[in-house]
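Enquirer: Please see the structure below; I have some questions.
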Amino acid sequence: MTTFQVLSGAGASSLRVLFQPGACIKAESDALISKTSNVELTAGMDGGGGGLLGGIFQAGCRLLQGESFFMQYLKCGAGQGEALLAASEIGDIKVLDLVPMIDGQQPEAAQGAVRGAVLVANGAFLCADSQIEMKSRC
């Protein structure tokens, strides 16, 4: 399980990500500030579940909306790992606890968890668990 901790600063916030072995997140291409040596950094397109063509379409939509074409993927190897992320714009960071869909159904949500889809404004996304499906509207 990955833990997200918001670190508030004077006018800007950052996000401390604590990884368990094998955990993976995806983040905006310019979000990474630092990481431990056992966290591997790669880049790729986030397809949003539409295969190769869906991935290219979604990446193109993100590009047209001023977002990054590629995403960063941070994966923890053996042992626990840590990364520090921040948005390129000044502002606060809010962690949303999303309830995953299991076989097309949403299980009971923990108190404070968000059920269903979340719509965020351009530039508002920082990072998510790699299993979270993201789609851009064109």
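To be explicit about the labels: the chains of the structure tokens are called A, B, and onward in the order shown, and within each one the residues are counted from 1, while ligands get numbers from 1 in the order they are shown.
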If you count only C-alpha atoms, which residues fall within 6 Å of stretch 26-30 of chain A, apart from same-chain ones fewer than 3 positions away, as a list in words?
Expert: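 Everything that qualifies: Met71, Gln72, Tyr73, Leu126, Cys127, Ala128 and Ser130 of chain A.
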Enquirer: Could you save those same residues with N, CA and C atoms as a compact mmCIF listing (two decimals), in the first residue's frame?
Expert:
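Produced file selection18.txt, reproduced below:
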```
# COMPACT_ATOMS: atom_id res chain seq x y z
N MET A 71 3.65 10.48 -18.89
CA MET A 71 3.54 10.43 -17.44
C MET A 71 4.82 9.83 -16.88
N GLN A 72 5.17 10.19 -15.65
CA GLN A 72 6.25 9.53 -14.93
C GLN A 72 5.65 8.35 -14.17
N TYR A 73 6.36 7.25 -14.15
CA TYR A 73 5.96 6.09 -13.35
C TYR A 73 7.06 5.83 -12.34
N LEU A 126 -1.75 15.74 -9.89
CA LEU A 126 -0.34 15.61 -9.53
C LEU A 126 0.12 14.17 -9.67
N CYS A 127 -0.56 13.23 -8.99
CA CYS A 127 -0.19 11.82 -9.09
C CYS A 127 -1.33 10.94 -8.60
N ALA A 128 -1.20 9.64 -8.88
CA ALA A 128 -2.20 8.66 -8.45
C ALA A 128 -1.56 7.28 -8.45
N SER A 130 -0.92 3.72 -9.75
CA SER A 130 -0.85 3.37 -11.18
C SER A 130 -2.09 2.64 -11.68
```
Enquirer: Any idea what's packed within 6 Å of A:Gln80, counting only C-alpha atoms, ignoring anything in its chain fewer than 2 positions away? Could you give it as JSON, numbers by chain?
Expert: {"A": [19, 20, 21]}
Enquirer: Could the residues in this selection be written to a file with C-alpha atoms, as a short mmCIF file (atom, residue, chain, number, x, y, z; two decimals), in the first residue's frame?
Expert:
```
data_model
loop_
_atom_site.label_atom_id
_atom_site.label_comp_id
_atom_site.auth_asym_id
_atom_site.auth_seq_id
_atom_site.Cartn_x
_atom_site.Cartn_y
_atom_site.Cartn_z
CA PHE A 19 6.06 3.07 -1.00
CA GLN A 20 5.78 -0.55 0.03
CA PRO A 21 7.79 -3.06 -2.05
#
```
Enquirer: Name the residues in contact with A:Ser37 at a cut-off of 10 Å, using only C-alpha atoms, excluding same-chain residues fewer than 3 positions from it; report them as a list in words.
Expert: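 So, after excluding close chain neighbours, the residues are Ser34, Glu40, Leu41, Cys76, Gly77, Gly81, Glu82 and Ala83 of chain A.
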Enquirer: Using atom CA of A:Leu7 and atom CA of A:Asp92 as the two end points, give the distance in Å to one decimal.
Expert: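 Here the two named atoms are 9.4 Å from each other.
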Enquirer: So that I can see what lies close to A:Val118, please list as a tab-separated table (two decimals) with all heavy atoms, in the first residue's frame the residues with an atom at most 12 Å from it, counting only C-alpha atoms and leaving out residues fewer than 2 positions away in the same chain.
Expert:
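Printed below is out-v6.tsv as written:
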```tsv
chain	number	residue	atom	x	y	z
A	96	LEU	N	-7.14	12.58	-2.35
A	96	LEU	CA	-8.47	11.98	-2.46
A	96	LEU	C	-8.34	10.47	-2.34
A	96	LEU	O	-7.57	9.85	-3.08
A	96	LEU	CB	-9.11	12.32	-3.80
A	96	LEU	CG	-9.34	13.79	-4.10
A	96	LEU	CD1	-9.94	13.96	-5.49
A	96	LEU	CD2	-10.25	14.42	-3.06
A	97	ASP	N	-9.08	9.88	-1.42
A	97	ASP	CA	-9.11	8.43	-1.25
A	97	ASP	C	-10.22	7.91	-2.16
A	97	ASP	O	-11.40	8.09	-1.88
A	97	ASP	CB	-9.38	8.09	0.22
A	97	ASP	CG	-9.34	6.60	0.49
A	97	ASP	OD1	-8.80	5.85	-0.34
A	97	ASP	OD2	-9.87	6.19	1.54
A	98	LEU	N	-9.83	7.26	-3.26
A	98	LEU	CA	-10.81	6.78	-4.24
A	98	LEU	C	-11.14	5.32	-3.99
A	98	LEU	O	-10.28	4.52	-3.64
A	98	LEU	CB	-10.26	6.94	-5.66
A	98	LEU	CG	-9.84	8.35	-6.06
A	98	LEU	CD1	-9.25	8.34	-7.46
A	98	LEU	CD2	-11.02	9.30	-5.97
A	99	VAL	N	-12.40	4.97	-4.18
A	99	VAL	CA	-12.86	3.60	-4.01
A	99	VAL	C	-12.75	2.89	-5.36
A	99	VAL	O	-13.32	3.34	-6.36
A	99	VAL	CB	-14.32	3.55	-3.52
A	99	VAL	CG1	-14.81	2.13	-3.39
A	99	VAL	CG2	-14.44	4.29	-2.20
A	113	ALA	N	-14.04	8.58	1.81
A	113	ALA	CA	-13.58	8.14	0.50
A	113	ALA	C	-14.52	8.66	-0.59
A	113	ALA	O	-15.70	8.86	-0.36
A	113	ALA	CB	-13.51	6.62	0.44
A	114	VAL	N	-13.97	8.87	-1.78
A	114	VAL	CA	-14.72	9.37	-2.92
A	114	VAL	C	-15.16	8.18	-3.76
A	114	VAL	O	-14.36	7.33	-4.12
A	114	VAL	CB	-13.85	10.33	-3.77
A	114	VAL	CG1	-14.61	10.79	-5.00
A	114	VAL	CG2	-13.40	11.51	-2.93
A	115	ARG	N	-16.46	8.14	-4.10
A	115	ARG	CA	-16.99	7.07	-4.94
A	115	ARG	C	-17.27	7.63	-6.32
A	115	ARG	O	-17.68	8.77	-6.47
A	115	ARG	CB	-18.27	6.52	-4.33
A	115	ARG	CG	-18.06	5.91	-2.96
A	115	ARG	CD	-19.35	5.37	-2.47
A	115	ARG	NE	-19.60	4.15	-3.23
A	115	ARG	CZ	-20.24	3.11	-2.75
A	115	ARG	NH1	-20.69	3.13	-1.55
A	115	ARG	NH2	-20.43	2.05	-3.49
A	116	GLY	N	-17.03	6.82	-7.34
A	116	GLY	CA	-17.32	7.24	-8.70
A	116	GLY	C	-16.19	8.05	-9.31
A	116	GLY	O	-15.09	8.12	-8.79
A	120	VAL	N	-11.35	16.81	-12.56
A	120	VAL	CA	-10.43	17.84	-12.06
A	120	VAL	C	-10.11	18.83	-13.17
A	120	VAL	O	-10.11	18.48	-14.35
A	120	VAL	CB	-9.12	17.22	-11.49
A	120	VAL	CG1	-9.41	16.36	-10.27
A	120	VAL	CG2	-8.38	16.42	-12.52
A	121	ALA	N	-9.82	20.04	-12.77
A	121	ALA	CA	-9.50	21.11	-13.73
A	121	ALA	C	-8.13	20.88	-14.35
A	121	ALA	O	-7.29	20.16	-13.81
A	121	ALA	CB	-9.54	22.46	-13.02
A	124	ALA	N	-4.68	20.34	-12.41
A	124	ALA	CA	-4.93	19.98	-11.02
A	124	ALA	C	-4.40	18.61	-10.63
A	124	ALA	O	-4.23	18.32	-9.46
A	124	ALA	CB	-6.42	20.05	-10.72
A	125	PHE	N	-4.11	17.74	-11.60
A	125	PHE	CA	-3.63	16.40	-11.29
A	125	PHE	C	-2.14	16.43	-10.97
A	125	PHE	O	-1.36	17.06	-11.68
A	125	PHE	CB	-3.88	15.46	-12.47
A	125	PHE	CG	-3.29	14.10	-12.28
A	125	PHE	CD1	-3.90	13.17	-11.45
A	125	PHE	CD2	-2.10	13.74	-12.90
A	125	PHE	CE1	-3.34	11.92	-11.25
A	125	PHE	CE2	-1.54	12.50	-12.71
A	125	PHE	CZ	-2.16	11.59	-11.89
A	132	ILE	N	-5.18	3.56	-11.05
A	132	ILE	CA	-6.28	4.51	-11.26
A	132	ILE	C	-6.37	4.83	-12.74
A	132	ILE	O	-5.39	5.20	-13.38
A	132	ILE	CB	-6.05	5.81	-10.45
A	132	ILE	CG1	-6.00	5.52	-8.95
A	132	ILE	CG2	-7.09	6.87	-10.79
A	132	ILE	CD1	-7.30	5.04	-8.37
A	133	GLU	N	-7.57	4.69	-13.32
A	133	GLU	CA	-7.79	4.97	-14.73
A	133	GLU	C	-8.09	6.45	-14.92
A	133	GLU	O	-8.94	7.01	-14.24
A	133	GLU	CB	-8.97	4.14	-15.25
A	133	GLU	CG	-9.24	4.32	-16.72
A	133	GLU	CD	-10.39	3.46	-17.20
A	133	GLU	OE1	-10.53	2.33	-16.72
A	133	GLU	OE2	-11.14	3.94	-18.06
A	134	MET	N	-7.38	7.08	-15.84
A	134	MET	CA	-7.58	8.49	-16.12
A	134	MET	C	-7.97	8.67	-17.58
A	134	MET	O	-7.42	8.01	-18.45
A	134	MET	CB	-6.30	9.27	-15.84
A	134	MET	CG	-5.87	9.22	-14.42
A	134	MET	SD	-4.38	10.13	-14.02
A	134	MET	CE	-3.74	10.72	-15.54
A	135	LYS	N	-8.92	9.57	-17.82
A	135	LYS	CA	-9.34	9.87	-19.18
A	135	LYS	C	-9.43	11.37	-19.33
A	135	LYS	O	-9.91	12.06	-18.43
A	135	LYS	CB	-10.68	9.22	-19.50
A	135	LYS	CG	-10.65	7.72	-19.56
A	135	LYS	CD	-11.97	7.16	-19.97
A	135	LYS	CE	-11.89	5.65	-20.03
A	135	LYS	NZ	-13.16	5.06	-20.42
A	136	SER	N	-9.00	11.87	-20.49
A	136	SER	CA	-9.13	13.29	-20.81
A	136	SER	C	-10.33	13.50	-21.72
A	136	SER	O	-10.64	12.65	-22.54
A	136	SER	CB	-7.87	13.79	-21.52
A	136	SER	OG	-6.75	13.70	-20.68
```
Enquirer: Of the candidates A:Gly9, A:Leu74, A:Lys94, A:Thr2, which one gets nearest to A:Thr36 if we count only C-alpha atoms?
Expert: A:Leu74
Enquirer: Restricting the calculation to only C-alpha atoms, which member of A:Ala78, A:Val6, A:Ala117, A:Met45 is positioned closest to A:Ala23?
Expert: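 For A:Ala23, the nearest of the candidates is A:Ala78.
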